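model.cif follows; it contains mmCIF, C-alpha atoms (C1' of nucleotides).
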data_entry
loop_
_atom_site.group_PDB
_atom_site.id
_atom_site.type_symbol
_atom_site.label_atom_id
_atom_site.label_comp_id
_atom_site.auth_asym_id
_atom_site.auth_seq_id
_atom_site.Cartn_x
_atom_site.Cartn_y
_atom_site.Cartn_z
ATOM 1 C CA MET A 1 0.000 0.000 0.000
ATOM 2 C CA SER A 2 2.520 2.519 -1.197
ATOM 3 C CA ALA A 3 1.132 6.048 -1.304
ATOM 4 C CA GLN A 4 -0.506 6.273 -4.688
ATOM 5 C CA THR A 5 0.130 9.442 -6.603
ATOM 6 C CA TYR A 6 -1.289 10.794 -9.826
ATOM 7 C CA SER A 7 -0.216 13.156 -12.540
ATOM 8 C CA ILE A 8 -2.505 15.919 -13.635
ATOM 9 C CA SER A 9 -3.403 14.130 -16.824
ATOM 10 C CA ASP A 10 -4.156 10.929 -14.944
ATOM 11 C CA LEU A 11 -6.860 12.717 -13.028
ATOM 12 C CA ALA A 12 -8.013 14.692 -16.021
ATOM 13 C CA LYS A 13 -8.647 11.464 -17.868
ATOM 14 C CA GLU A 14 -10.259 9.715 -14.945
ATOM 15 C CA PHE A 15 -12.739 12.504 -14.328
ATOM 16 C CA GLU A 16 -13.114 13.614 -17.911
ATOM 17 C CA VAL A 17 -12.098 17.193 -17.297
ATOM 18 C CA THR A 18 -9.267 19.205 -18.786
ATOM 19 C CA THR A 19 -5.998 19.840 -17.001
ATOM 20 C CA ARG A 20 -6.965 23.467 -17.131
ATOM 21 C CA THR A 21 -9.911 22.661 -14.912
ATOM 22 C CA ILE A 22 -7.703 20.959 -12.348
ATOM 23 C CA ARG A 23 -5.222 23.811 -12.297
ATOM 24 C CA PHE A 24 -8.104 26.190 -11.969
ATOM 25 C CA TYR A 25 -9.279 24.370 -8.867
ATOM 26 C CA GLU A 26 -5.828 24.753 -7.392
ATOM 27 C CA GLU A 27 -5.751 28.415 -8.333
ATOM 28 C CA LYS A 28 -8.969 28.796 -6.360
ATOM 29 C CA GLY A 29 -7.474 27.002 -3.373
ATOM 30 C CA LEU A 30 -9.715 23.958 -3.666
ATOM 31 C CA ILE A 31 -6.790 21.556 -3.802
ATOM 32 C CA SER A 32 -3.101 21.778 -2.920
ATOM 33 C CA PRO A 33 -1.104 19.079 -4.623
ATOM 34 C CA LEU A 34 2.531 18.500 -3.807
ATOM 35 C CA ARG A 35 5.256 19.216 -6.305
ATOM 36 C CA ASN A 36 7.866 17.005 -7.781
ATOM 37 C CA GLY A 37 10.114 19.823 -8.834
ATOM 38 C CA GLN A 38 7.938 21.813 -11.149
ATOM 39 C CA LYS A 39 5.302 19.189 -11.649
ATOM 40 C CA ARG A 40 2.168 18.658 -9.662
ATOM 41 C CA LEU A 41 1.834 15.425 -7.768
ATOM 42 C CA TYR A 42 -1.620 14.462 -6.616
ATOM 43 C CA SER A 43 -2.293 12.298 -3.594
ATOM 44 C CA ASN A 44 -5.322 10.148 -3.212
ATOM 45 C CA ALA A 45 -6.766 12.749 -0.878
ATOM 46 C CA ASP A 46 -6.454 15.315 -3.657
ATOM 47 C CA ARG A 47 -8.124 12.893 -6.001
ATOM 48 C CA VAL A 48 -11.052 12.367 -3.665
ATOM 49 C CA ARG A 49 -11.454 16.098 -3.201
ATOM 50 C CA ILE A 50 -11.765 16.542 -6.920
ATOM 51 C CA LYS A 51 -14.223 13.706 -7.095
ATOM 52 C CA LEU A 52 -16.395 15.295 -4.429
ATOM 53 C CA ILE A 53 -16.183 18.689 -6.055
ATOM 54 C CA LEU A 54 -17.430 17.213 -9.307
ATOM 55 C CA ARG A 55 -20.157 15.374 -7.488
ATOM 56 C CA GLY A 56 -21.294 18.666 -6.041
ATOM 57 C CA LYS A 57 -21.199 20.241 -9.452
ATOM 58 C CA ARG A 58 -23.505 17.624 -10.860
ATOM 59 C CA ILE A 59 -26.290 18.724 -8.569
ATOM 60 C CA GLY A 60 -25.669 22.395 -9.122
ATOM 61 C CA MET A 61 -23.418 23.326 -6.225
ATOM 62 C CA THR A 62 -20.842 26.000 -6.842
ATOM 63 C CA LEU A 63 -17.214 25.079 -6.325
ATOM 64 C CA GLN A 64 -17.212 27.086 -3.139
ATOM 65 C CA GLU A 65 -20.255 25.283 -1.816
ATOM 66 C CA SER A 66 -18.721 21.944 -2.616
ATOM 67 C CA VAL A 67 -15.595 22.840 -0.714
ATOM 68 C CA GLU A 68 -17.560 24.042 2.278
ATOM 69 C CA PHE A 69 -19.431 20.789 2.150
ATOM 70 C CA ILE A 70 -16.243 18.759 1.998
ATOM 71 C CA ASP A 71 -14.664 20.728 4.795
ATOM 72 C CA MET A 72 -17.470 19.763 7.097
ATOM 73 C CA TYR A 73 -15.840 16.377 7.288
ATOM 74 C CA ASP A 74 -12.519 17.346 8.778
ATOM 75 C CA PRO A 75 -12.683 18.446 12.401
ATOM 76 C CA GLU A 76 -11.806 22.084 12.254
ATOM 77 C CA HIS A 77 -14.465 22.739 14.866
ATOM 78 C CA ASN A 78 -13.061 23.271 18.314
ATOM 79 C CA ASN A 79 -15.681 24.673 20.582
ATOM 80 C CA ASP A 80 -19.333 23.928 21.140
ATOM 81 C CA ASP A 81 -20.534 27.057 19.385
ATOM 82 C CA GLN A 82 -18.803 25.989 16.235
ATOM 83 C CA LEU A 83 -20.213 22.515 16.565
ATOM 84 C CA ARG A 84 -23.729 23.849 16.961
ATOM 85 C CA ALA A 85 -23.277 26.146 14.006
ATOM 86 C CA LEU A 86 -22.074 23.208 11.975
ATOM 87 C CA VAL A 87 -25.111 21.166 12.942
ATOM 88 C CA ASP A 88 -27.386 24.022 11.884
ATOM 89 C CA ASN A 89 -25.498 24.242 8.642
ATOM 90 C CA ILE A 90 -25.955 20.537 8.094
ATOM 91 C CA LYS A 91 -29.671 20.795 8.707
ATOM 92 C CA ALA A 92 -30.029 23.566 6.173
ATOM 93 C CA ARG A 93 -28.063 21.627 3.605
ATOM 94 C CA ARG A 94 -30.127 18.541 4.187
ATOM 95 C CA GLU A 95 -33.276 20.540 3.539
ATOM 96 C CA ARG A 96 -31.877 21.734 0.247
ATOM 97 C CA LEU A 97 -30.891 18.250 -0.773
ATOM 98 C CA LEU A 98 -34.328 16.901 0.081
ATOM 99 C CA GLN A 99 -35.946 19.665 -1.929
ATOM 100 C CA GLN A 100 -33.719 18.742 -4.826
ATOM 101 C CA LYS A 101 -34.810 15.150 -4.556
ATOM 102 C CA ARG A 102 -38.439 16.252 -4.668
ATOM 103 C CA ASP A 103 -37.692 18.342 -7.729
ATOM 104 C CA ILE A 104 -36.019 15.421 -9.428
ATOM 105 C CA ASP A 105 -38.865 13.074 -8.605
ATOM 106 C CA GLU A 106 -41.349 15.499 -10.110
ATOM 107 C CA MET A 107 -39.275 15.704 -13.243
ATOM 108 C CA LEU A 108 -38.979 11.955 -13.482
ATOM 109 C CA ILE A 109 -42.737 11.660 -13.320
ATOM 110 C CA GLY A 110 -43.028 14.206 -16.099
ATOM 111 C CA LEU A 111 -40.569 12.275 -18.212
ATOM 112 C CA ASP A 112 -42.540 9.071 -17.713
ATOM 113 C CA GLU A 113 -45.705 10.767 -18.886
ATOM 114 C CA VAL A 114 -44.143 12.248 -21.970
ATOM 115 C CA GLN A 115 -42.394 9.056 -22.869
ATOM 116 C CA GLY A 116 -45.660 7.166 -22.475
ATOM 117 C CA ASN A 117 -47.376 9.546 -24.854
ATOM 118 C CA CYS A 118 -44.568 9.259 -27.336
ATOM 119 C CA GLU A 119 -44.613 5.513 -27.365
ATOM 120 C CA ALA A 120 -48.381 5.462 -27.676
ATOM 121 C CA SER A 121 -48.152 7.775 -30.675
ATOM 122 C CA LEU A 122 -45.472 5.651 -32.243
ATOM 123 C CA ALA A 123 -47.509 2.486 -31.730
ATOM 124 C CA ALA A 124 -50.637 4.096 -33.171
ATOM 125 C CA GLY A 125 -48.680 5.464 -36.099
ATOM 126 C CA ARG A 126 -47.358 2.030 -36.931
ATOM 127 C CA LYS A 127 -50.801 0.557 -37.042
ATOM 128 C CA SER A 128 -52.431 2.599 -39.772
ATOM 129 C CA PRO A 129 -49.793 2.198 -42.513
ATOM 130 C CA LEU A 130 -50.194 -1.541 -42.248
ATOM 131 C CA MET B 1 -62.765 30.529 -13.426
ATOM 132 C CA SER B 2 -61.839 33.908 -14.900
ATOM 133 C CA ALA B 3 -58.398 33.855 -16.492
ATOM 134 C CA GLN B 4 -56.063 34.738 -13.674
ATOM 135 C CA THR B 5 -53.329 37.202 -14.512
ATOM 136 C CA TYR B 6 -50.357 38.446 -12.572
ATOM 137 C CA SER B 7 -48.184 41.514 -12.526
ATOM 138 C CA ILE B 8 -44.460 41.167 -12.672
ATOM 139 C CA SER B 9 -44.106 41.972 -8.995
ATOM 140 C CA ASP B 10 -46.761 39.426 -8.074
ATOM 141 C CA LEU B 11 -44.639 36.704 -9.559
ATOM 142 C CA ALA B 12 -41.409 38.178 -8.279
ATOM 143 C CA LYS B 13 -42.773 37.996 -4.757
ATOM 144 C CA GLU B 14 -44.274 34.559 -5.147
ATOM 145 C CA PHE B 15 -41.041 33.057 -6.432
ATOM 146 C CA GLU B 16 -38.663 35.261 -4.467
ATOM 147 C CA VAL B 17 -36.791 36.565 -7.459
ATOM 148 C CA THR B 18 -36.324 40.109 -8.672
ATOM 149 C CA THR B 19 -38.335 41.629 -11.463
ATOM 150 C CA ARG B 20 -35.067 41.896 -13.284
ATOM 151 C CA THR B 21 -34.842 38.141 -13.301
ATOM 152 C CA ILE B 22 -38.289 37.786 -14.817
ATOM 153 C CA ARG B 23 -37.577 40.372 -17.489
ATOM 154 C CA PHE B 24 -34.330 38.619 -18.195
ATOM 155 C CA TYR B 25 -36.173 35.370 -18.803
ATOM 156 C CA GLU B 26 -38.373 37.158 -21.292
ATOM 157 C CA GLU B 27 -35.337 38.735 -22.941
ATOM 158 C CA LYS B 28 -33.996 35.227 -23.424
ATOM 159 C CA GLY B 29 -37.279 34.055 -24.928
ATOM 160 C CA LEU B 30 -38.174 31.779 -22.039
ATOM 161 C CA ILE B 31 -41.548 33.424 -21.511
ATOM 162 C CA SER B 32 -43.754 35.709 -23.590
ATOM 163 C CA PRO B 33 -46.247 37.529 -21.417
ATOM 164 C CA LEU B 34 -49.003 39.623 -22.933
ATOM 165 C CA ARG B 35 -49.036 43.364 -22.575
ATOM 166 C CA ASN B 36 -51.582 45.665 -21.123
ATOM 167 C CA GLY B 37 -50.340 48.720 -22.950
ATOM 168 C CA GLN B 38 -46.779 48.960 -21.797
ATOM 169 C CA LYS B 39 -47.129 46.670 -18.846
ATOM 170 C CA ARG B 40 -46.502 42.964 -18.807
ATOM 171 C CA LEU B 41 -49.422 40.729 -17.994
ATOM 172 C CA TYR B 42 -48.638 37.176 -16.979
ATOM 173 C CA SER B 43 -51.009 34.272 -17.518
ATOM 174 C CA ASN B 44 -51.059 31.214 -15.364
ATOM 175 C CA ALA B 45 -49.196 29.383 -18.110
ATOM 176 C CA ASP B 46 -46.418 31.978 -17.864
ATOM 177 C CA ARG B 47 -46.407 31.527 -14.128
ATOM 178 C CA VAL B 48 -46.047 27.778 -14.411
ATOM 179 C CA ARG B 49 -43.206 28.158 -16.897
ATOM 180 C CA ILE B 50 -41.326 30.316 -14.466
ATOM 181 C CA LYS B 51 -42.005 27.845 -11.711
ATOM 182 C CA LEU B 52 -40.588 25.018 -13.797
ATOM 183 C CA ILE B 53 -37.586 27.050 -14.835
ATOM 184 C CA LEU B 54 -36.785 27.717 -11.198
ATOM 185 C CA ARG B 55 -37.273 24.085 -10.356
ATOM 186 C CA GLY B 56 -34.740 23.218 -13.006
ATOM 187 C CA LYS B 57 -32.353 25.790 -11.625
ATOM 188 C CA ARG B 58 -32.479 24.240 -8.193
ATOM 189 C CA ILE B 59 -30.958 21.054 -9.500
ATOM 190 C CA GLY B 60 -28.367 22.826 -11.569
ATOM 191 C CA MET B 61 -29.976 22.981 -14.984
ATOM 192 C CA THR B 62 -29.192 25.977 -17.124
ATOM 193 C CA LEU B 63 -32.105 28.130 -18.202
ATOM 194 C CA GLN B 64 -31.792 26.716 -21.675
ATOM 195 C CA GLU B 65 -31.908 23.162 -20.410
ATOM 196 C CA SER B 66 -34.968 23.911 -18.333
ATOM 197 C CA VAL B 67 -36.755 25.310 -21.354
ATOM 198 C CA GLU B 68 -35.855 22.320 -23.468
ATOM 199 C CA PHE B 69 -37.170 20.157 -20.704
ATOM 200 C CA ILE B 70 -40.416 22.091 -20.479
ATOM 201 C CA ASP B 71 -40.852 22.086 -24.222
ATOM 202 C CA MET B 72 -40.844 18.314 -24.229
ATOM 203 C CA TYR B 73 -44.350 18.526 -22.868
ATOM 204 C CA ASP B 74 -46.039 20.312 -25.711
ATOM 205 C CA PRO B 75 -46.438 18.253 -28.843
ATOM 206 C CA GLU B 76 -44.183 19.930 -31.328
ATOM 207 C CA HIS B 77 -43.184 16.506 -32.594
ATOM 208 C CA ASN B 78 -44.846 15.567 -35.829
ATOM 209 C CA ASN B 79 -43.166 12.570 -37.355
ATOM 210 C CA ASP B 80 -41.877 9.335 -35.971
ATOM 211 C CA ASP B 81 -38.237 10.325 -36.226
ATOM 212 C CA GLN B 82 -38.839 13.285 -33.995
ATOM 213 C CA LEU B 83 -40.755 11.131 -31.576
ATOM 214 C CA ARG B 84 -37.960 8.615 -31.397
ATOM 215 C CA ALA B 85 -35.399 11.358 -30.926
ATOM 216 C CA LEU B 86 -37.506 12.731 -28.121
ATOM 217 C CA VAL B 87 -37.676 9.359 -26.429
ATOM 218 C CA ASP B 88 -33.896 9.054 -26.635
ATOM 219 C CA ASN B 89 -33.596 12.517 -25.188
ATOM 220 C CA ILE B 90 -35.897 11.553 -22.352
ATOM 221 C CA LYS B 91 -33.862 8.477 -21.595
ATOM 222 C CA ALA B 92 -30.660 10.476 -21.406
ATOM 223 C CA ARG B 93 -32.260 13.005 -19.127
ATOM 224 C CA ARG B 94 -33.612 10.328 -16.894
ATOM 225 C CA GLU B 95 -30.133 8.890 -16.523
ATOM 226 C CA ARG B 96 -28.825 12.271 -15.458
ATOM 227 C CA LEU B 97 -31.609 12.720 -12.966
ATOM 228 C CA LEU B 98 -31.004 9.292 -11.480
ATOM 229 C CA GLN B 99 -27.296 10.038 -11.185
ATOM 230 C CA GLN B 100 -28.173 13.248 -9.400
ATOM 231 C CA LYS B 101 -30.339 11.329 -6.991
ATOM 232 C CA ARG B 102 -27.466 8.977 -6.265
ATOM 233 C CA ASP B 103 -25.197 11.958 -5.673
ATOM 234 C CA ILE B 104 -27.692 13.496 -3.304
ATOM 235 C CA ASP B 105 -28.146 10.255 -1.401
ATOM 236 C CA GLU B 106 -24.406 9.971 -0.930
ATOM 237 C CA MET B 107 -24.272 13.491 0.400
ATOM 238 C CA LEU B 108 -27.149 12.882 2.754
ATOM 239 C CA ILE B 109 -25.320 9.908 4.185
ATOM 240 C CA GLY B 110 -22.263 12.064 4.667
ATOM 241 C CA LEU B 111 -24.309 14.695 6.443
ATOM 242 C CA ASP B 112 -25.754 12.101 8.774
ATOM 243 C CA GLU B 113 -22.293 10.918 9.722
ATOM 244 C CA VAL B 114 -20.953 14.364 10.393
ATOM 245 C CA GLN B 115 -23.989 15.387 12.353
ATOM 246 C CA GLY B 116 -23.706 12.240 14.427
ATOM 247 C CA ASN B 117 -20.113 13.038 15.251
ATOM 248 C CA CYS B 118 -20.997 16.598 16.148
ATOM 249 C CA GLU B 119 -23.761 15.589 18.484
ATOM 250 C CA ALA B 120 -21.574 12.980 20.096
ATOM 251 C CA SER B 121 -18.882 15.606 20.685
ATOM 252 C CA LEU B 122 -21.415 18.004 22.122
ATOM 253 C CA ALA B 123 -22.819 15.361 24.424
ATOM 254 C CA ALA B 124 -19.354 14.350 25.604
ATOM 255 C CA GLY B 125 -18.434 17.982 26.151
ATOM 256 C CA ARG B 126 -21.446 18.587 28.284
ATOM 257 C CA LYS B 127 -20.628 15.723 30.581
ATOM 258 C CA SER B 128 -17.275 16.769 31.957
ATOM 259 C CA PRO B 129 -18.144 20.361 33.069
ATOM 260 C CA LEU B 130 -20.956 18.984 35.242
ATOM 261 C "C1'" DA C 1 -49.792 69.386 -7.948
ATOM 262 C "C1'" DT C 2 -46.721 66.371 -5.968
ATOM 263 C "C1'" DT C 3 -45.277 62.222 -4.037
ATOM 264 C "C1'" DG C 4 -44.767 57.355 -3.983
ATOM 265 C "C1'" DA C 5 -45.321 52.803 -5.690
ATOM 266 C "C1'" DC C 6 -45.024 50.392 -9.607
ATOM 267 C "C1'" DG C 7 -43.843 49.929 -14.221
ATOM 268 C "C1'" DT C 8 -40.698 50.579 -18.479
ATOM 269 C "C1'" DT C 9 -36.125 50.532 -21.548
ATOM 270 C "C1'" DT C 10 -31.174 50.767 -22.197
ATOM 271 C "C1'" DA C 11 -26.835 49.706 -20.992
ATOM 272 C "C1'" DC C 12 -22.739 48.789 -18.553
ATOM 273 C "C1'" DG C 13 -20.886 45.703 -14.666
ATOM 274 C "C1'" DT C 14 -19.951 41.310 -12.347
ATOM 275 C "C1'" DA C 15 -19.025 36.573 -10.503
ATOM 276 C "C1'" DA C 16 -18.330 31.865 -11.686
ATOM 277 C "C1'" DA C 17 -16.046 28.424 -14.223
ATOM 278 C "C1'" DC C 18 -13.489 27.499 -17.179
ATOM 279 C "C1'" DG C 19 -11.521 27.874 -22.727
ATOM 280 C "C1'" DT C 20 -7.869 29.142 -25.570
ATOM 281 C "C1'" DA C 21 -3.555 30.603 -27.026
ATOM 282 C "C1'" DA C 22 1.306 31.809 -26.476
ATOM 283 C "C1'" DA C 23 5.660 30.841 -25.021
ATOM 284 C "C1'" DC C 24 8.603 28.051 -22.482
ATOM 285 C "C1'" DT C 25 10.725 23.789 -19.827
ATOM 286 C "C1'" DT C 26 11.295 18.884 -18.796
ATOM 287 C "C1'" DT C 27 11.691 14.241 -19.906
ATOM 288 C "C1'" DG C 28 11.395 9.424 -21.682
ATOM 289 C "C1'" DG C 29 12.460 7.041 -26.014
ATOM 290 C "C1'" DC C 30 14.814 6.087 -30.432
ATOM 291 C "C1'" DG D 1 21.393 14.438 -29.332
ATOM 292 C "C1'" DC D 2 16.774 15.259 -30.752
ATOM 293 C "C1'" DC D 3 11.868 15.097 -30.949
ATOM 294 C "C1'" DA D 4 7.312 14.521 -29.282
ATOM 295 C "C1'" DA D 5 4.523 14.216 -25.227
ATOM 296 C "C1'" DA D 6 3.429 16.159 -21.129
ATOM 297 C "C1'" DG D 7 4.276 19.615 -18.063
ATOM 298 C "C1'" DT D 8 4.512 24.755 -16.725
ATOM 299 C "C1'" DT D 9 3.049 29.993 -16.316
ATOM 300 C "C1'" DT D 10 0.706 34.103 -17.889
ATOM 301 C "C1'" DA D 11 -2.960 36.327 -19.688
ATOM 302 C "C1'" DC D 12 -6.846 37.554 -22.273
ATOM 303 C "C1'" DG D 13 -11.597 35.708 -23.899
ATOM 304 C "C1'" DT D 14 -16.261 33.607 -23.180
ATOM 305 C "C1'" DT D 15 -20.771 32.108 -21.437
ATOM 306 C "C1'" DT D 16 -24.389 32.238 -18.047
ATOM 307 C "C1'" DA D 17 -27.363 34.635 -15.167
ATOM 308 C "C1'" DC D 18 -28.380 38.065 -13.510
ATOM 309 C "C1'" DG D 19 -27.114 43.081 -10.550
ATOM 310 C "C1'" DT D 20 -27.137 47.866 -10.676
ATOM 311 C "C1'" DA D 21 -27.935 52.320 -12.190
ATOM 312 C "C1'" DA D 22 -29.916 55.912 -14.999
ATOM 313 C "C1'" DA D 23 -33.739 58.056 -16.869
ATOM 314 C "C1'" DC D 24 -38.233 57.992 -17.754
ATOM 315 C "C1'" DG D 25 -43.808 56.918 -17.905
ATOM 316 C "C1'" DT D 26 -48.400 56.083 -15.160
ATOM 317 C "C1'" DC D 27 -51.544 56.297 -11.870
ATOM 318 C "C1'" DA D 28 -53.837 56.546 -7.301
ATOM 319 C "C1'" DA D 29 -53.827 59.105 -3.170
ATOM 320 C "C1'" DT D 30 -52.941 63.112 -0.254
#
This entry written out as C-alpha cells:
Amino acid sequence: MSAQTYSISDLAKEFEVTTRTIRFYEEKGLISPLRNGQKRLYSNADRVRIKLILRGKRIGMTLQESVEFIDMYDPEHNNDDQLRALVDNIKARRERLLQQKRDIDEMLIGLDEVQGNCEASLAAGRKSPL
Amino acid sequence: MSAQTYSISDLAKEFEVTTRTIRFYEEKGLISPLRNGQKRLYSNADRVRIKLILRGKRIGMTLQESVEFIDMYDPEHNNDDQLRALVDNIKARRERLLQQKRDIDEMLIGLDEVQGNCEASLAAGRKSPL
DNA sequence: ATTGACGTTTACGTAAACGTAAACTTTGGC
DNA sequence: GCCAAAGTTTACGTTTACGTAAACGTCAAT
C-alpha cells in the first residue's frame, strides 16, 4: 500500500475534465497538490477532493459550496458554538438536498408521462400504414 | 374561473426573485407575457413556466436546459423520427436525474455521519463540566 | 400638484467556471 | 542528441445569469 500518486493528466482522464480545470481548482485554493520539482503530484486525498467537487457540481453546487461541504468532514471545529453552528449548517443543507430530490422526482414523473405519450403515438402510427 | 393574470411583482414575490430576473427570462425568450399597454401581464401558463424554470435551476440545470425540458411537454413533434429522438432525449435526461439522486443520497449519508459526530462531541463535552 | 409605488427601456458591470492561445521547460524514447 | 509528449506559467476571452444604475412613464392618493 505505497502512497498512490497521480499526474494531472491521470486525473483529467479519470474525471473527464481538462488539465486546465484541475489547475483552476488549485488556483482557487480547492486543492493543494505536492510538487515534484515543477510538476504537480496528486495524492489520493487530492483525487477524492476533486471527485467530491465534481459530485457537487452535478447537482448544481458552486465550487465554493462543494468545498464548504467537503470541509465539514474534517474536524476544524473546536468549541461547542462551532459545533452547533455546523449542525445548523448541516440541517439547512439537508433541507436543500431533500428539496432537490423532490424536484427530481417530479421531473422523473413528467418524463414518464411524456415518454408514455410518445410511445403510444409511435404504436398508433405504426398501425395505420399496415 | 376567470383567467387569472399576474403583474411582474406578483410573480417576483411569489417566487422570491427580482423583477429583473423575470424580465431577463423574457429577454432570453423563455416566456412571452401579454401586454396591457406597456405593462406585462402574466397568464397562469407563464407563471407555471417560471415555476418550472426555477425548479430546473435548483438542481443545476441551465435556463436553456430547463426550457428544453419544459418544451418536451407540448407536442411539437410531428413525425416518428422526432418522436424517437424525443424518447432518446428523455432516456438520457432520466439517466442524469437518477445520477443526481445517487449523488444526493451519498451526500445525505455524509451529512448524517458528520452530524452524528458533532452531536456525540457536544454530548461528551457537556458531561465533563458537570 | 406632488409624491410614492409600480412599471418601463437601455446599458454597462460582475461573478463563476473554465476555454484558448502563447511561449517556455522537462523528460522518456529512439 | 533530438523530438514529441506532457508539463509549466501568464494572460486575455467567453458564457451564463443576472445586478445595478440611470432616466423615464403612469396612476392613485394626499
I need the output of the PyMOL selection byres ((chain A) within 9 of (chain C)) for this file as a ChimeraX atom specification; which residues are they?
/A:20-21,24,38,62-63
Return chain B as a compact mmCIF listing (two decimals) with C-alpha atoms, in the frame of the given file, after superposing it on chain A by a least-squares fit that covers all C-alpha atoms paired in order.
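Written file, part.txt:
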# COMPACT_ATOMS: atom_id res chain seq x y z
CA MET B 1 -0.03 -0.02 0.04
CA SER B 2 2.51 2.45 -1.34
CA ALA B 3 1.12 5.98 -1.44
CA GLN B 4 -0.55 6.21 -4.81
CA THR B 5 0.07 9.40 -6.73
CA TYR B 6 -1.37 10.74 -9.94
CA SER B 7 -0.31 13.13 -12.65
CA ILE B 8 -2.60 15.90 -13.69
CA SER B 9 -3.53 14.11 -16.89
CA ASP B 10 -4.28 10.91 -15.00
CA LEU B 11 -6.95 12.70 -13.07
CA ALA B 12 -8.12 14.70 -16.04
CA LYS B 13 -8.78 11.47 -17.90
CA GLU B 14 -10.36 9.70 -14.97
CA PHE B 15 -12.82 12.51 -14.33
CA GLU B 16 -13.22 13.65 -17.92
CA VAL B 17 -12.20 17.22 -17.31
CA THR B 18 -9.38 19.23 -18.81
CA THR B 19 -6.11 19.84 -17.05
CA ARG B 20 -7.08 23.46 -17.14
CA THR B 21 -10.00 22.67 -14.90
CA ILE B 22 -7.79 20.94 -12.36
CA ARG B 23 -5.29 23.79 -12.34
CA PHE B 24 -8.15 26.19 -11.95
CA TYR B 25 -9.33 24.35 -8.86
CA GLU B 26 -5.86 24.70 -7.41
CA GLU B 27 -5.78 28.38 -8.33
CA LYS B 28 -8.97 28.77 -6.33
CA GLY B 29 -7.47 26.95 -3.36
CA LEU B 30 -9.71 23.92 -3.66
CA ILE B 31 -6.79 21.50 -3.81
CA SER B 32 -3.10 21.73 -2.95
CA PRO B 33 -1.14 19.01 -4.68
CA LEU B 34 2.51 18.43 -3.90
CA ARG B 35 5.19 19.15 -6.44
CA ASN B 36 7.80 16.96 -7.94
CA GLY B 37 10.05 19.80 -8.99
CA GLN B 38 7.82 21.80 -11.24
CA LYS B 39 5.24 19.13 -11.77
CA ARG B 40 2.11 18.62 -9.75
CA LEU B 41 1.78 15.37 -7.89
CA TYR B 42 -1.68 14.41 -6.70
CA SER B 43 -2.32 12.22 -3.68
CA ASN B 44 -5.36 10.07 -3.29
CA ALA B 45 -6.77 12.67 -0.92
CA ASP B 46 -6.47 15.26 -3.70
CA ARG B 47 -8.17 12.85 -6.04
CA VAL B 48 -11.07 12.32 -3.68
CA ARG B 49 -11.47 16.07 -3.20
CA ILE B 50 -11.79 16.53 -6.92
CA LYS B 51 -14.25 13.69 -7.08
CA LEU B 52 -16.40 15.30 -4.40
CA ILE B 53 -16.18 18.70 -6.02
CA LEU B 54 -17.45 17.23 -9.27
CA ARG B 55 -20.19 15.41 -7.45
CA GLY B 56 -21.29 18.70 -5.98
CA LYS B 57 -21.21 20.30 -9.40
CA ARG B 58 -23.54 17.69 -10.81
CA ILE B 59 -26.29 18.80 -8.49
CA GLY B 60 -25.67 22.47 -9.07
CA MET B 61 -23.41 23.41 -6.19
CA THR B 62 -20.84 26.08 -6.82
CA LEU B 63 -17.22 25.13 -6.32
CA GLN B 64 -17.19 27.13 -3.14
CA GLU B 65 -20.23 25.35 -1.80
CA SER B 66 -18.72 21.99 -2.60
CA VAL B 67 -15.58 22.88 -0.69
CA GLU B 68 -17.54 24.07 2.30
CA PHE B 69 -19.43 20.83 2.17
CA ILE B 70 -16.25 18.78 2.01
CA ASP B 71 -14.65 20.75 4.79
CA MET B 72 -17.47 19.79 7.11
CA TYR B 73 -15.85 16.39 7.31
CA ASP B 74 -12.54 17.35 8.82
CA PRO B 75 -12.71 18.44 12.42
CA GLU B 76 -11.82 22.08 12.31
CA HIS B 77 -14.47 22.72 14.93
CA ASN B 78 -13.07 23.23 18.38
CA ASN B 79 -15.69 24.64 20.67
CA ASP B 80 -19.33 23.91 21.22
CA ASP B 81 -20.53 27.04 19.46
CA GLN B 82 -18.80 25.99 16.30
CA LEU B 83 -20.21 22.51 16.63
CA ARG B 84 -23.71 23.83 17.03
CA ALA B 85 -23.27 26.16 14.08
CA LEU B 86 -22.08 23.22 12.04
CA VAL B 87 -25.12 21.18 12.99
CA ASP B 88 -27.38 24.05 11.94
CA ASN B 89 -25.49 24.28 8.70
CA ILE B 90 -25.96 20.57 8.14
CA LYS B 91 -29.66 20.82 8.76
CA ALA B 92 -30.03 23.61 6.23
CA ARG B 93 -28.07 21.67 3.67
CA ARG B 94 -30.13 18.60 4.24
CA GLU B 95 -33.28 20.59 3.59
CA ARG B 96 -31.87 21.78 0.29
CA LEU B 97 -30.89 18.29 -0.71
CA LEU B 98 -34.32 16.94 0.13
CA GLN B 99 -35.94 19.72 -1.88
CA GLN B 100 -33.71 18.80 -4.79
CA LYS B 101 -34.80 15.21 -4.50
CA ARG B 102 -38.42 16.29 -4.62
CA ASP B 103 -37.68 18.39 -7.69
CA ILE B 104 -36.00 15.47 -9.38
CA ASP B 105 -38.86 13.12 -8.56
CA GLU B 106 -41.33 15.55 -10.08
CA MET B 107 -39.26 15.74 -13.22
CA LEU B 108 -38.96 11.99 -13.44
CA ILE B 109 -42.72 11.70 -13.29
CA GLY B 110 -42.99 14.24 -16.06
CA LEU B 111 -40.53 12.31 -18.18
CA ASP B 112 -42.51 9.13 -17.69
CA GLU B 113 -45.67 10.82 -18.89
CA VAL B 114 -44.09 12.29 -21.96
CA GLN B 115 -42.34 9.09 -22.85
CA GLY B 116 -45.60 7.21 -22.48
CA ASN B 117 -47.31 9.59 -24.86
CA CYS B 118 -44.49 9.30 -27.35
CA GLU B 119 -44.54 5.54 -27.35
CA ALA B 120 -48.29 5.51 -27.68
CA SER B 121 -48.05 7.83 -30.69
CA LEU B 122 -45.37 5.68 -32.24
CA ALA B 123 -47.39 2.53 -31.72
CA ALA B 124 -50.51 4.13 -33.19
CA GLY B 125 -48.51 5.42 -36.13
CA ARG B 126 -47.15 2.02 -36.90
CA LYS B 127 -50.58 0.47 -37.05
CA SER B 128 -52.17 2.40 -39.88
CA PRO B 129 -49.41 1.99 -42.54
CA LEU B 130 -49.66 -1.79 -42.19
Which residues are close to range 98-103 of chain A, i.e. within 6 Å by all atoms listed in the file, leaving aside same-chain residues fewer than 3 positions away? Reply as a list in words.
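Result of the neighbour search: Glu95 and Glu106 of chain A; Ile59 of chain B.
Between CA of Met72 in chain B and CA of Ser121 in chain A the separation is 14.4 Å.
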